[in-house]
Structure formats: C-alpha cells, structure tokens
>>> print(open('target-v5.csv').read())   # CSV, C-alpha atoms
chain,number,residue,atom,x,y,z
A,1,MET,CA,74.5,-11.5,125.8
A,2,LEU,CA,76.6,-13.3,123.2
A,3,GLU,CA,74.0,-15.9,122.9
A,4,ASN,CA,71.4,-13.2,122.1
A,5,VAL,CA,73.7,-11.8,119.4
A,6,ALA,CA,74.1,-15.2,117.8
A,7,LEU,CA,70.4,-15.8,117.9
A,8,ALA,CA,69.7,-12.4,116.3
A,9,LYS,CA,72.2,-13.1,113.6
A,10,ASN,CA,70.8,-16.3,112.4
A,11,ARG,CA,67.3,-14.7,112.5
A,12,GLU,CA,65.7,-17.9,113.8
A,13,TRP,CA,64.4,-16.0,116.9
A,14,ALA,CA,63.8,-12.4,116.1
A,15,HIS,CA,62.5,-11.4,119.5
A,16,PHE,CA,64.6,-11.6,122.6
A,17,ASP,CA,64.7,-10.1,126.0
A,18,MET,CA,65.0,-6.3,126.2
A,19,ASN,CA,67.0,-4.6,128.8
A,20,PHE,CA,67.1,-0.9,127.8
A,21,CYS,CA,64.8,1.6,126.1
A,22,SER,CA,65.8,2.0,122.5
A,23,ASN,CA,64.5,5.5,122.6
A,24,CYS,CA,66.1,7.1,125.7
A,25,GLY,CA,68.5,4.4,127.0
A,26,HIS,CA,66.8,4.0,130.4
A,27,ALA,CA,66.4,0.5,131.9
A,28,VAL,CA,62.9,-0.9,130.8
A,29,GLN,CA,60.3,-2.6,133.0
A,30,GLN,CA,57.8,-5.3,132.2
A,31,LYS,CA,54.2,-4.3,132.8
A,32,ILE,CA,50.8,-4.3,131.4
A,33,PRO,CA,50.0,-0.8,130.0
A,34,ALA,CA,46.7,0.9,130.5
A,35,ASP,CA,44.1,-0.3,128.0
A,36,ASP,CA,46.2,-3.4,127.3
A,37,SER,CA,46.1,-7.0,128.5
A,38,ARG,CA,49.6,-8.1,127.7
A,39,LEU,CA,52.9,-7.8,129.4
A,40,ARG,CA,55.1,-5.3,127.5
A,41,TYR,CA,58.5,-3.7,127.8
A,42,VAL,CA,57.8,-0.2,128.9
A,43,CYS,CA,60.2,2.7,129.7
A,44,PRO,CA,59.5,4.4,133.0
A,45,GLN,CA,61.4,7.5,131.9
A,46,CYS,CA,60.1,8.3,128.4
A,47,GLU,CA,57.0,6.1,128.6
A,48,THR,CA,57.6,4.3,125.2
A,49,ILE,CA,55.9,1.0,125.0
A,50,HIS,CA,58.0,-1.5,123.1
A,51,TYR,CA,55.7,-3.8,121.2
A,52,GLN,CA,57.0,-7.1,119.8
A,53,ASN,CA,55.2,-8.8,117.0
A,54,PRO,CA,55.5,-11.9,114.7
A,55,ASN,CA,57.6,-11.8,111.6
A,56,ILE,CA,56.7,-12.9,108.1
A,57,VAL,CA,59.0,-15.4,106.2
A,58,ALA,CA,58.2,-15.1,102.5
A,59,GLY,CA,59.4,-17.5,99.8
A,60,THR,CA,58.6,-19.3,96.6
A,61,LEU,CA,58.1,-22.7,95.2
A,62,PRO,CA,59.9,-22.2,91.8
A,63,VAL,CA,58.8,-24.6,89.1
A,64,PHE,CA,60.4,-25.3,85.7
A,65,GLU,CA,58.7,-27.9,83.5
A,66,ASP,CA,57.9,-30.9,85.8
A,67,LYS,CA,60.6,-30.0,88.4
A,68,VAL,CA,60.9,-27.9,91.6
A,69,LEU,CA,64.0,-25.8,92.5
A,70,LEU,CA,65.5,-26.6,95.9
A,71,CYS,CA,68.4,-25.0,97.7
A,72,LYS,CA,70.9,-26.8,100.0
A,73,ARG,CA,71.4,-24.6,103.0
A,74,ALA,CA,74.9,-23.1,103.6
A,75,ILE,CA,73.8,-21.5,106.9
A,76,GLU,CA,72.5,-22.6,110.2
A,77,PRO,CA,69.9,-23.6,111.3
A,78,ARG,CA,69.7,-26.8,109.3
A,79,TYR,CA,73.0,-26.5,107.4
A,80,GLY,CA,73.2,-29.0,104.6
A,81,TYR,CA,69.4,-29.6,104.4
A,82,TRP,CA,67.2,-28.8,101.4
A,83,THR,CA,64.8,-25.9,101.4
A,84,LEU,CA,62.7,-23.7,99.2
A,85,PRO,CA,64.1,-20.2,98.8
A,86,ALA,CA,62.6,-18.0,101.6
A,87,GLY,CA,63.5,-15.5,104.3
A,88,PHE,CA,62.5,-12.6,106.4
A,89,MET,CA,60.3,-10.0,104.8
A,90,GLU,CA,61.9,-6.5,105.1
A,91,ASN,CA,60.3,-3.2,105.8
A,92,GLN,CA,59.0,-1.3,102.7
A,93,GLU,CA,58.5,-4.6,100.8
A,94,THR,CA,55.4,-6.4,99.7
A,95,THR,CA,55.2,-10.2,100.4
A,96,MET,CA,55.7,-10.8,96.7
A,97,GLU,CA,58.8,-8.6,96.5
A,98,ALA,CA,60.2,-10.4,99.6
A,99,ALA,CA,59.6,-13.8,98.1
A,100,ALA,CA,61.1,-12.8,94.7
A,101,ARG,CA,64.1,-11.2,96.4
A,102,GLU,CA,64.8,-14.2,98.5
A,103,THR,CA,64.6,-16.4,95.4
A,104,TRP,CA,67.2,-14.3,93.7
A,105,GLU,CA,69.5,-14.2,96.8
A,106,GLU,CA,69.4,-17.9,97.5
A,107,ALA,CA,69.2,-19.4,94.0
A,108,GLU,CA,70.1,-16.5,91.7
A,109,ALA,CA,66.8,-17.2,89.9
A,110,LYS,CA,64.3,-14.8,88.4
A,111,VAL,CA,60.7,-15.9,88.8
A,112,THR,CA,57.2,-15.0,87.8
A,113,LEU,CA,54.9,-15.3,90.8
A,114,HIS,CA,51.5,-16.9,90.5
A,115,SER,CA,49.3,-17.7,93.5
A,116,LEU,CA,49.8,-17.7,97.2
A,117,LEU,CA,50.2,-21.4,97.9
A,118,THR,CA,50.5,-21.6,101.7
A,119,VAL,CA,50.2,-19.5,104.8
A,120,ILE,CA,51.6,-21.5,107.7
A,121,ASN,CA,51.5,-20.0,111.3
A,122,VAL,CA,54.5,-21.0,113.4
A,123,PRO,CA,53.5,-19.4,116.7
A,124,GLN,CA,56.2,-21.2,118.7
A,125,ILE,CA,58.8,-19.0,117.0
A,126,ASN,CA,56.5,-16.0,116.3
A,127,GLN,CA,56.5,-16.4,112.5
A,128,VAL,CA,54.1,-16.7,109.6
A,129,HIS,CA,55.5,-18.5,106.5
A,130,MET,CA,54.0,-17.5,103.2
A,131,TYR,CA,55.0,-19.4,100.0
A,132,PHE,CA,54.1,-18.3,96.4
A,133,LEU,CA,53.9,-20.6,93.5
A,134,ALA,CA,56.4,-19.3,90.9
A,135,THR,CA,57.9,-20.3,87.6
A,136,LEU,CA,61.6,-20.0,86.6
A,137,ILE,CA,62.1,-17.6,83.7
A,138,ASP,CA,63.9,-19.6,81.0
A,139,GLY,CA,64.8,-22.3,83.6
A,140,GLU,CA,67.9,-20.3,84.6
A,141,PHE,CA,69.3,-20.3,88.1
A,142,GLY,CA,72.6,-20.2,90.0
A,143,VAL,CA,73.8,-20.7,93.6
A,144,GLY,CA,73.3,-17.9,96.1
A,145,THR,CA,75.7,-17.1,98.9
A,146,GLU,CA,73.4,-18.8,101.5
A,147,SER,CA,73.3,-22.0,99.5
A,148,LEU,CA,75.7,-24.9,99.0
A,149,GLU,CA,74.0,-25.9,95.8
A,150,CYS,CA,70.7,-25.5,94.0
A,151,ALA,CA,69.0,-28.1,91.9
A,152,LEU,CA,65.8,-29.0,90.0
A,153,TYR,CA,63.9,-32.1,91.3
A,154,THR,CA,60.9,-34.1,90.1
A,155,GLU,CA,58.4,-35.1,92.7
A,156,GLU,CA,60.0,-38.6,93.0
A,157,GLU,CA,63.6,-37.2,93.2
A,158,ILE,CA,63.0,-34.7,96.0
A,159,PRO,CA,65.1,-35.6,99.1
A,160,TRP,CA,62.0,-35.8,101.3
A,161,ASP,CA,64.0,-37.0,104.3
A,162,GLU,CA,66.5,-34.2,104.0
A,163,LEU,CA,64.2,-31.2,103.9
A,164,ALA,CA,65.1,-28.4,106.3
A,165,PHE,CA,61.7,-27.4,107.7
A,166,PRO,CA,58.2,-28.8,108.1
A,167,THR,CA,56.7,-25.8,106.4
A,168,VAL,CA,58.8,-26.6,103.3
A,169,LYS,CA,57.6,-30.1,103.2
A,170,ARG,CA,54.0,-29.1,103.7
A,171,THR,CA,54.3,-26.5,100.9
A,172,LEU,CA,55.8,-29.1,98.5
A,173,LYS,CA,53.0,-31.5,99.4
A,174,ARG,CA,50.4,-28.9,98.7
A,175,TYR,CA,51.9,-28.1,95.3
A,176,PHE,CA,52.0,-31.7,94.1
A,177,ALA,CA,48.4,-32.2,95.4
A,178,GLY,CA,47.4,-29.0,93.6
A,179,ARG,CA,49.1,-30.2,90.4
A,180,LYS,CA,46.9,-33.3,90.4
A,181,GLU,CA,43.8,-31.2,90.8
A,182,GLY,CA,44.9,-28.6,88.3
A,183,LYS,CA,44.4,-25.7,90.8
A,184,PHE,CA,46.4,-24.1,93.6
A,185,PRO,CA,44.1,-22.5,96.2
A,186,THR,CA,45.7,-20.8,99.2
A,187,HIS,CA,46.1,-23.2,102.0
A,188,VAL,CA,46.1,-21.8,105.6
A,189,SER,CA,47.3,-24.0,108.5
A,190,ASP,CA,49.2,-24.1,111.8
A,191,ALA,CA,52.6,-25.7,112.5
A,192,PHE,CA,52.3,-26.7,116.1
A,193,ARG,CA,55.2,-28.5,117.9
A,194,GLU,CA,53.5,-28.7,121.3
A,195,PRO,CA,50.1,-28.2,122.9
A,196,ARG,CA,49.5,-24.6,123.9
A,197,GLU,CA,47.1,-22.9,126.3
A,198,ILE,CA,45.9,-19.8,124.5
A,199,ASP,CA,42.4,-18.9,125.6
A,200,PHE,CA,40.7,-16.8,123.0
A,201,ALA,CA,37.1,-15.9,122.8
A,202,ALA,CA,36.1,-17.7,119.6
A,203,THR,CA,35.3,-21.0,118.2
A,204,LEU,CA,37.4,-21.9,115.2
A,205,GLY,CA,35.5,-24.2,112.9
A,206,GLU,CA,37.3,-27.0,111.2
A,207,ASP,CA,36.2,-25.7,107.8
A,208,TRP,CA,38.5,-22.7,107.8
A,209,VAL,CA,41.3,-24.7,106.2
A,210,ARG,CA,40.7,-24.6,102.5
B,1,MET,CA,60.2,11.8,121.9
B,2,LEU,CA,56.6,12.4,122.9
B,3,GLU,CA,55.7,12.2,119.3
B,4,ASN,CA,57.3,8.7,119.2
B,5,VAL,CA,55.3,7.6,122.2
B,6,ALA,CA,52.1,8.8,120.7
B,7,LEU,CA,52.8,7.0,117.4
B,8,ALA,CA,53.7,3.8,119.2
B,9,LYS,CA,50.5,3.9,121.2
B,10,ASN,CA,48.2,4.2,118.3
B,11,ARG,CA,50.2,1.5,116.6
B,12,GLU,CA,49.8,3.1,113.1
B,13,TRP,CA,53.6,3.2,112.7
B,14,ALA,CA,55.2,0.4,114.6
B,15,HIS,CA,58.8,1.1,113.6
B,16,PHE,CA,60.5,4.3,114.6
B,17,ASP,CA,64.0,5.6,115.0
B,18,MET,CA,66.2,3.8,117.4
B,19,ASN,CA,68.8,5.6,119.6
B,20,PHE,CA,70.1,3.1,122.1
B,21,CYS,CA,70.8,-0.7,122.1
B,22,SER,CA,68.0,-2.5,123.8
B,23,ASN,CA,70.4,-5.2,124.9
B,24,CYS,CA,73.3,-3.2,126.5
B,25,GLY,CA,72.1,0.4,126.5
B,26,HIS,CA,75.0,1.8,124.3
B,27,ALA,CA,74.2,4.3,121.6
B,28,VAL,CA,73.5,2.5,118.3
B,29,GLN,CA,74.9,3.2,114.8
B,30,GLN,CA,73.4,2.7,111.4
B,31,LYS,CA,75.4,0.5,109.1
B,32,ILE,CA,75.2,-2.4,106.7
B,33,PRO,CA,76.3,-5.5,108.5
B,34,ALA,CA,78.6,-8.1,106.9
B,35,ASP,CA,76.7,-10.5,104.6
B,36,ASP,CA,73.8,-8.0,104.5
B,37,SER,CA,72.7,-5.3,102.0
B,38,ARG,CA,70.5,-3.1,104.2
B,39,LEU,CA,71.1,-0.4,106.6
B,40,ARG,CA,70.5,-1.6,110.2
B,41,TYR,CA,70.8,-0.3,113.7
B,42,VAL,CA,73.8,-2.0,115.1
B,43,CYS,CA,75.4,-1.8,118.5
B,44,PRO,CA,79.2,-1.1,118.4
B,45,GLN,CA,79.5,-2.4,122.0
B,46,CYS,CA,77.7,-5.7,122.1
B,47,GLU,CA,77.4,-6.2,118.3
B,48,THR,CA,73.6,-6.8,118.4
B,49,ILE,CA,71.9,-6.2,115.0
B,50,HIS,CA,68.5,-4.7,115.6
B,51,TYR,CA,66.3,-5.9,112.7
B,52,GLN,CA,63.0,-4.2,112.0
B,53,ASN,CA,60.3,-6.0,110.0
B,54,PRO,CA,56.7,-5.6,108.9
B,55,ASN,CA,53.7,-6.3,111.1
B,56,ILE,CA,50.6,-8.4,110.4
B,57,VAL,CA,47.2,-6.8,111.0
B,58,ALA,CA,44.7,-9.6,111.3
B,59,GLY,CA,40.9,-9.3,111.2
B,60,THR,CA,37.6,-10.8,110.2
B,61,LEU,CA,34.7,-10.0,107.9
B,62,PRO,CA,31.9,-11.3,110.2
B,63,VAL,CA,28.7,-12.3,108.5
B,64,PHE,CA,25.2,-13.0,109.9
B,65,GLU,CA,22.5,-13.9,107.4
B,66,ASP,CA,22.8,-11.3,104.6
B,67,LYS,CA,24.6,-8.7,106.7
B,68,VAL,CA,28.2,-7.8,107.6
B,69,LEU,CA,29.3,-6.6,111.1
B,70,LEU,CA,31.1,-3.2,111.1
B,71,CYS,CA,32.6,-1.3,114.0
B,72,LYS,CA,32.6,2.5,114.4
B,73,ARG,CA,36.1,3.4,115.6
B,74,ALA,CA,36.4,5.0,119.1
B,75,ILE,CA,40.2,5.5,118.6
B,76,GLU,CA,42.6,7.3,116.3
B,77,PRO,CA,43.4,7.0,113.5
B,78,ARG,CA,40.1,7.4,111.7
B,79,TYR,CA,38.0,8.1,114.9
B,80,GLY,CA,34.3,7.8,114.0
B,81,TYR,CA,34.8,5.9,110.7
B,82,TRP,CA,33.6,2.4,110.1
B,83,THR,CA,35.9,-0.6,110.0
B,84,LEU,CA,36.0,-4.4,110.1
B,85,PRO,CA,37.4,-5.7,113.4
B,86,ALA,CA,41.2,-6.1,113.0
B,87,GLY,CA,44.4,-5.3,114.8
B,88,PHE,CA,48.0,-6.2,115.3
B,89,MET,CA,48.8,-9.9,115.6
B,90,GLU,CA,50.6,-10.7,118.8
B,91,ASN,CA,53.5,-13.0,119.5
B,92,GLN,CA,52.6,-16.7,120.2
B,93,GLU,CA,49.3,-16.3,118.2
B,94,THR,CA,48.3,-17.7,114.9
B,95,THR,CA,46.7,-15.4,112.3
B,96,MET,CA,43.4,-17.0,113.0
B,97,GLU,CA,43.7,-16.5,116.7
B,98,ALA,CA,44.6,-12.9,116.2
B,99,ALA,CA,41.7,-12.3,113.9
B,100,ALA,CA,39.2,-14.0,116.3
B,101,ARG,CA,40.6,-12.1,119.3
B,102,GLU,CA,40.3,-8.8,117.6
B,103,THR,CA,36.7,-9.6,116.7
B,104,TRP,CA,36.0,-10.3,120.3
B,105,GLU,CA,37.8,-7.2,121.6
B,106,GLU,CA,36.3,-4.7,119.1
B,107,ALA,CA,32.8,-6.2,118.7
B,108,GLU,CA,32.4,-8.7,121.6
B,109,ALA,CA,31.5,-11.2,118.9
B,110,LYS,CA,32.3,-14.9,118.8
B,111,VAL,CA,32.9,-16.1,115.3
B,112,THR,CA,33.6,-19.2,113.2
B,113,LEU,CA,36.4,-18.6,110.8
B,114,HIS,CA,36.1,-19.9,107.2
B,115,SER,CA,38.6,-18.9,104.5
B,116,LEU,CA,41.3,-16.3,104.2
B,117,LEU,CA,39.6,-13.6,102.1
B,118,THR,CA,42.3,-11.0,101.5
B,119,VAL,CA,46.1,-10.5,102.0
B,120,ILE,CA,46.9,-6.8,101.3
B,121,ASN,CA,50.4,-5.5,101.4
B,122,VAL,CA,50.7,-2.0,102.8
B,123,PRO,CA,54.5,-1.4,102.4
B,124,GLN,CA,54.3,2.3,103.0
B,125,ILE,CA,53.5,1.6,106.7
B,126,ASN,CA,55.3,-1.8,106.8
B,127,GLN,CA,52.1,-3.8,107.3
B,128,VAL,CA,50.4,-6.8,105.8
B,129,HIS,CA,46.6,-7.0,106.4
B,130,MET,CA,44.9,-10.4,106.4
B,131,TYR,CA,41.1,-10.7,106.6
B,132,PHE,CA,39.3,-14.0,107.3
B,133,LEU,CA,35.7,-14.6,106.2
B,134,ALA,CA,33.8,-15.4,109.4
B,135,THR,CA,30.2,-16.1,110.6
B,136,LEU,CA,28.7,-14.7,113.8
B,137,ILE,CA,27.7,-17.4,116.2
B,138,ASP,CA,23.9,-17.0,116.9
B,139,GLY,CA,24.2,-13.4,115.5
B,140,GLU,CA,25.3,-12.1,118.9
B,141,PHE,CA,27.6,-9.2,119.3
B,142,GLY,CA,28.2,-6.2,121.6
B,143,VAL,CA,30.4,-3.1,121.5
B,144,GLY,CA,34.1,-3.4,122.4
B,145,THR,CA,36.1,-0.7,124.2
B,146,GLU,CA,37.7,0.5,120.9
B,147,SER,CA,34.3,1.0,119.2
B,148,LEU,CA,31.6,3.6,119.5
B,149,GLU,CA,29.1,1.3,118.1
B,150,CYS,CA,28.8,-2.0,116.2
B,151,ALA,CA,26.1,-2.8,113.6
B,152,LEU,CA,25.0,-5.3,110.9
B,153,TYR,CA,24.7,-3.9,107.4
B,154,THR,CA,23.5,-5.3,104.1
B,155,GLU,CA,25.6,-4.5,101.0
B,156,GLU,CA,23.4,-1.5,100.2
B,157,GLU,CA,23.3,-0.2,103.7
B,158,ILE,CA,27.1,-0.1,104.2
B,159,PRO,CA,28.4,3.4,104.7
B,160,TRP,CA,30.8,3.1,101.8
B,161,ASP,CA,31.9,6.8,102.1
B,162,GLU,CA,32.6,6.5,105.8
B,163,LEU,CA,34.9,3.5,105.8
B,164,ALA,CA,38.1,3.9,107.9
B,165,PHE,CA,40.7,2.3,105.6
B,166,PRO,CA,41.1,1.3,101.9
B,167,THR,CA,42.0,-2.3,102.9
B,168,VAL,CA,38.6,-2.5,104.7
B,169,LYS,CA,36.8,-1.3,101.5
B,170,ARG,CA,38.7,-3.7,99.3
B,171,THR,CA,37.9,-6.7,101.6
B,172,LEU,CA,34.2,-5.8,101.7
B,173,LYS,CA,34.2,-5.6,97.8
B,174,ARG,CA,35.9,-9.0,97.5
B,175,TYR,CA,33.3,-10.5,99.9
B,176,PHE,CA,30.4,-9.3,97.9
B,177,ALA,CA,32.0,-10.3,94.6
B,178,GLY,CA,32.7,-13.7,96.1
B,179,ARG,CA,29.1,-14.0,97.3
B,180,LYS,CA,27.8,-13.5,93.7
B,181,GLU,CA,30.3,-16.2,92.5
B,182,GLY,CA,29.5,-18.5,95.4
B,183,LYS,CA,33.2,-18.9,96.3
B,184,PHE,CA,35.8,-17.0,98.3
B,185,PRO,CA,39.3,-17.6,97.1
B,186,THR,CA,42.2,-15.8,98.8
B,187,HIS,CA,42.9,-12.5,97.0
B,188,VAL,CA,46.5,-11.1,97.3
B,189,SER,CA,47.1,-7.5,96.4
B,190,ASP,CA,49.1,-4.3,97.2
B,191,ALA,CA,47.8,-1.1,98.6
B,192,PHE,CA,50.1,1.6,97.2
B,193,ARG,CA,49.7,5.2,98.0
B,194,GLU,CA,52.6,6.5,96.0
B,195,PRO,CA,55.2,5.3,93.4
B,196,ARG,CA,58.1,3.5,94.9
B,197,GLU,CA,61.6,2.7,93.6
B,198,ILE,CA,62.3,-0.8,94.8
B,199,ASP,CA,64.6,-2.7,92.5
B,200,PHE,CA,64.3,-6.4,93.0
B,201,ALA,CA,65.5,-9.0,90.7
B,202,ALA,CA,62.3,-10.6,89.5
B,203,THR,CA,59.5,-10.2,87.1
B,204,LEU,CA,56.1,-10.2,88.8
B,205,GLY,CA,53.5,-11.5,86.4
B,206,GLU,CA,50.1,-9.9,86.4
B,207,ASP,CA,48.5,-13.3,86.9
B,208,TRP,CA,49.6,-13.7,90.5
B,209,VAL,CA,46.5,-11.8,91.7
B,210,ARG,CA,43.8,-14.4,92.0
>>> encode(input="target-v5.csv", output="structure tokens")
Amino acid sequence: MLENVALAKNREWAHFDMNFCSNCGHAVQQKIPADDSRLRYVCPQCETIHYQNPNIVAGTLPVFEDKVLLCKRAIEPRYGYWTLPAGFMENQETTMEAAARETWEEAEAKVTLHSLLTVINVPQINQVHMYFLATLIDGEFGVGTESLECALYTEEEIPWDELAFPTVKRTLKRYFAGRKEGKFPTHVSDAFREPREIDFAATLGEDWVR
Amino acid sequence: MLENVALAKNREWAHFDMNFCSNCGHAVQQKIPADDSRLRYVCPQCETIHYQNPNIVAGTLPVFEDKVLLCKRAIEPRYGYWTLPAGFMENQETTMEAAARETWEEAEAKVTLHSLLTVINVPQINQVHMYFLATLIDGEFGVGTESLECALYTEEEIPWDELAFPTVKRTLKRYFAGRKEGKFPTHVSDAFREPREIDFAATLGEDWVR
C-alpha cells in the first residue's frame, strides 16, 4: 500500500491495482465486461466499469539562439540527470498549454510554441510523450522547484551521457537533425524496452514514421 | 449513480466524481496536495492521491484508391451519424496499435498506417484525438459490431452534414487539402466549444499550427 502511494506520488506509474469501487466503495472484481475484450475492474454492486488508459506527458524543447534549455532534475526518478521540461498533461488543458505550463514550472521560462516535434509511445509505462519546439521569449529563464539548475547548451555542450530519459535524447536528436534540414516535421515513434506480444489485426508499414 | 455508469459505458466522459479511495475504500476528500497547485481526490487514511488525466482517442483515415472509408455509428453518442474509425487508446498499446485496432473493430479493415494526420485537443471533455493516414489492404473491409454500415466515399460523396464529430470533419478536410498539396504534415489544433479561463504562463504564437 505504501509502495502504491509512493509510485502515485512520483507519477512514474499512474495506473496501479484497484481494490475498491471509487463510486460506491464496494470491493471490485476483475472481469471482461459484455461487449468488451479486456479485463477491467468492475463493481459488482453499482456496476461501474473502471477503465484505465494511457497518460500524455507534454513538454517543450526550448531554444534561444543556438542553444537548448535543459533542466537538472531535483526529483526522482532520475534525480540529478538532465531533461527537457515536461510533465503530465492535466484535465481541461490542451497539449500546448500543458507543455507551456511545465516549461514555466520547471524552468520559469515563457515560451512561444512552434511545431510538434516528437510523439513517442512508451507503452511499457502507459505513456505517450509529446514535445513541442519552442523559443524562449527574450532568453529569460529561472529554476523551477523541480529543478536543481537550468542551463542553455549548444549541441556540442549537451551532457549526452547524463540525460534523464531516452525520449529526451531522441527529441534532442530530432531537433538537431531538423535544424540541419531547415524543417521540423512531427516524428512519431515507439520507445520499446522489451519485446511485446500484442496481436492486433493490422499490418503497420515501415513508412509510417516520417 | 446509474447516470455515472451510463456515462462510463459510452466512454464520452471518462472522468467522473470519485467518492471512495480505490486503494483502501475510505471516503476521499478534495484538497490540494503539498507541492501541487490543483484540487485532487486524496485519501485521508492511506494518503493515496488519485490523479485524473486526459485520454487519447486514436483512429485512422483509411483510404482506398480515391475513396475514404467511413462508419455509420451503431452506438451513442451520435448513433446513425458517420465517423472515421477511432476509439480510446488502451494501456500497453501504442497510438498506432490503438488506431489500427479500432479500424479493425469498427470496420473489419486491415490497414497500413502512414503519417499522423491530426492531433486535436478537446479539453472540454479531457481528450486528445489523433488520426493516422492509412491505406486499406486490398480494399477489403466489413462492418464491425459498433457500426451499422461501412462504406467508401469520394470527397464529393461524403455525407458532410451527417458526420458524427467536428474532429472527424476537420481530419477529413485536412486529408483532402493534403491530397491537393501532395503531402500530409501533422496538423495540431484545438477544438473549443466555449471560451475558457485558463491562465498559463506562456505566450502561444499563432505559428505553432502547421
């Protein structure tokens, strides 16, 4: 139970086991509802089906002149490693609002958003990461409460071996590749840690990654 | 209570009021946790914070020759109106897998996915809609259990006044505009129904919509 609380607090795993119905308080059961094909938590008393779905992590790649703004994490996971400002999208927000808010919270930076740079599926933790290309307004920034420090780095200066997450590294790589080409199309990809066995009735061509 | 069950079942509103802690069964309270700025459901007994976040709706725009595959909805909301195959992304899936699965479930169609055509924020119902451009393999399709019928339409034949959702109409418009230009870049936009008062510390430039 305490472990669940800790996991929920650091937001790394947003979905955990459910014991009781959040509507009526009765103990829930796991079963496949009618007209469904997946195991869900269902309440035998009030019949509520408790769906659990992936979360969006929204962030920015903030640019000023030839440099990118990175934040050194003051929280777990990956305390002390460098990241792009990003976090869980909240209800009633748009993805752009979430990305801009996180940039303000983690780096006290106001940004202008440009294009959607990356969409990276992280199915092993039920997340989709979305990073927007952004520019710092007047080059100003501070240090948010979740950061130890924030700093502007050129491509060569970036601490590539001290980045917090693979999705951050991939997004930075896409930005610098885009800068060489002079364009920043949205890049969609998957971050797989291990082989999975999901059987879905479709053929995914290799050309969907643009 | 029954109303909540009905809403959960048709999945139009995935987040509803919470009464009891799903971890320990105690009655929850609404409060702003330490190091947070938003009202959350929190359990006073086991201290679990119950975050609620937006859902992704993933779908495809399936093309065969000069036609697009549409599905006539056999379920509420918008029973009898035409839609692109789409639905809630599930845990352990990627957005592409979710889009392909929904296309199979609603239209019994196997598709090859190409680019991400639209990302449309729908903050009033805490959703983000993502549509992928896809091609029907061999032009084959059927009728899924959630559809009354499925059919291929040219641009002129599409029942524009009988489309189920604004995000479907916008995605179709983007596809036909892209077909004229010969390219299909990802288009990010917001679907707003009413003015909102969200104050976030950022300036969103108009050029982020590509």
>>> atom_distance(input="target-v5.csv", atom1="atom CA of B:Val68", atom2="atom CA of B:Ser189")
22.0 Å
>>> residues_around(input="target-v5.csv", residues="stretch 146-156 of chain B", least_positions_apart="2", cutoff="7 Å", atoms="all atoms listed in the file", output="count of residues only")
16
>>> closest_residue(input="target-v5.csv", among="B:Thr118, B:Thr48, B:Gln124, B:Thr112", to="A:Gln92", atoms="all atoms listed in the file")
B:Gln124
>>> residues_around(input="target-v5.csv", residues="B:Lys31", least_positions_apart="3", cutoff="12 Å", atoms="all atoms listed in the file", output="PyMOL selection string")
chain B and resi 28+34-44+47-51
>>> residues_around(input="target-v5.csv", residues="B:Lys110", least_positions_apart="3", cutoff="9 Å", atoms="all atoms listed in the file", output="list of chain:residue names")
A:Ala201, A:Ala202, A:Thr203, B:Ala100, B:Arg101, B:Thr103, B:Trp104, B:Ala107, B:Thr135, B:Leu136, B:Ile137, B:Asp138, B:Gly139, B:Glu140, B:Phe141
>>> residues_around(input="target-v5.csv", residues="A:Phe192", least_positions_apart="5", cutoff="10 Å", atoms="all atoms listed in the file", output="PyMOL selection string")
(chain A and resi 120-124) or (chain B and resi 94)
>>> closest_residue(input="target-v5.csv", among="A:Asn55, A:Pro33, A:Thr60, A:Ala191", to="A:Leu117", atoms="only C-alpha atoms")
A:Thr60
>>> decode(input="target-v5.csv", residues="stretch 140-184 of chain A", atoms="C-alpha atoms", output="mmCIF file, in the first residue's frame")
data_model
loop_
_atom_site.group_PDB
_atom_site.id
_atom_site.type_symbol
_atom_site.label_atom_id
_atom_site.label_comp_id
_atom_site.auth_asym_id
_atom_site.auth_seq_id
_atom_site.Cartn_x
_atom_site.Cartn_y
_atom_site.Cartn_z
ATOM 1 C CA GLU A 140 14.893 34.603 -19.914
ATOM 2 C CA PHE A 141 14.536 31.664 -17.570
ATOM 3 C CA GLY A 142 14.969 30.710 -13.914
ATOM 4 C CA VAL A 143 14.990 27.497 -11.896
ATOM 5 C CA GLY A 144 11.689 25.787 -11.038
ATOM 6 C CA THR A 145 11.057 23.902 -7.815
ATOM 7 C CA GLU A 146 11.500 20.526 -9.535
ATOM 8 C CA SER A 147 14.913 21.512 -10.915
ATOM 9 C CA LEU A 148 18.367 21.803 -9.314
ATOM 10 C CA GLU A 149 19.518 24.110 -12.094
ATOM 11 C CA CYS A 150 18.589 25.118 -15.634
ATOM 12 C CA ALA A 151 21.064 25.976 -18.362
ATOM 13 C CA LEU A 152 21.423 26.706 -22.080
ATOM 14 C CA TYR A 153 23.598 24.305 -24.055
ATOM 15 C CA THR A 154 24.859 24.186 -27.630
ATOM 16 C CA GLU A 155 24.646 20.828 -29.435
ATOM 17 C CA GLU A 156 28.264 20.053 -28.513
ATOM 18 C CA GLU A 157 27.878 21.109 -24.887
ATOM 19 C CA ILE A 158 24.799 18.974 -24.129
ATOM 20 C CA PRO A 159 25.602 16.360 -21.445
ATOM 21 C CA TRP A 160 24.534 13.486 -23.719
ATOM 22 C CA ASP A 161 25.562 10.806 -21.203
ATOM 23 C CA GLU A 162 23.678 12.454 -18.361
ATOM 24 C CA LEU A 163 20.227 12.767 -19.949
ATOM 25 C CA ALA A 164 17.317 11.579 -17.816
ATOM 26 C CA PHE A 165 15.192 9.698 -20.360
ATOM 27 C CA PRO A 166 15.538 8.095 -23.828
ATOM 28 C CA THR A 167 12.608 10.185 -25.118
ATOM 29 C CA VAL A 168 14.531 13.371 -24.200
ATOM 30 C CA LYS A 169 17.598 12.175 -26.099
ATOM 31 C CA ARG A 170 15.530 11.214 -29.137
ATOM 32 C CA THR A 171 13.751 14.574 -29.166
ATOM 33 C CA LEU A 172 17.056 16.475 -28.965
ATOM 34 C CA LYS A 173 18.470 14.365 -31.825
ATOM 35 C CA ARG A 174 15.385 15.108 -33.946
ATOM 36 C CA TYR A 175 15.738 18.823 -33.285
ATOM 37 C CA PHE A 176 19.377 18.973 -34.349
ATOM 38 C CA ALA A 177 18.642 16.812 -37.415
ATOM 39 C CA GLY A 178 15.770 19.149 -38.267
ATOM 40 C CA ARG A 179 17.959 22.208 -37.848
ATOM 41 C CA LYS A 180 20.350 20.852 -40.472
ATOM 42 C CA GLU A 181 17.431 20.254 -42.875
ATOM 43 C CA GLY A 182 15.767 23.559 -42.002
ATOM 44 C CA LYS A 183 12.437 21.919 -41.172
ATOM 45 C CA PHE A 184 10.847 20.230 -38.181
#
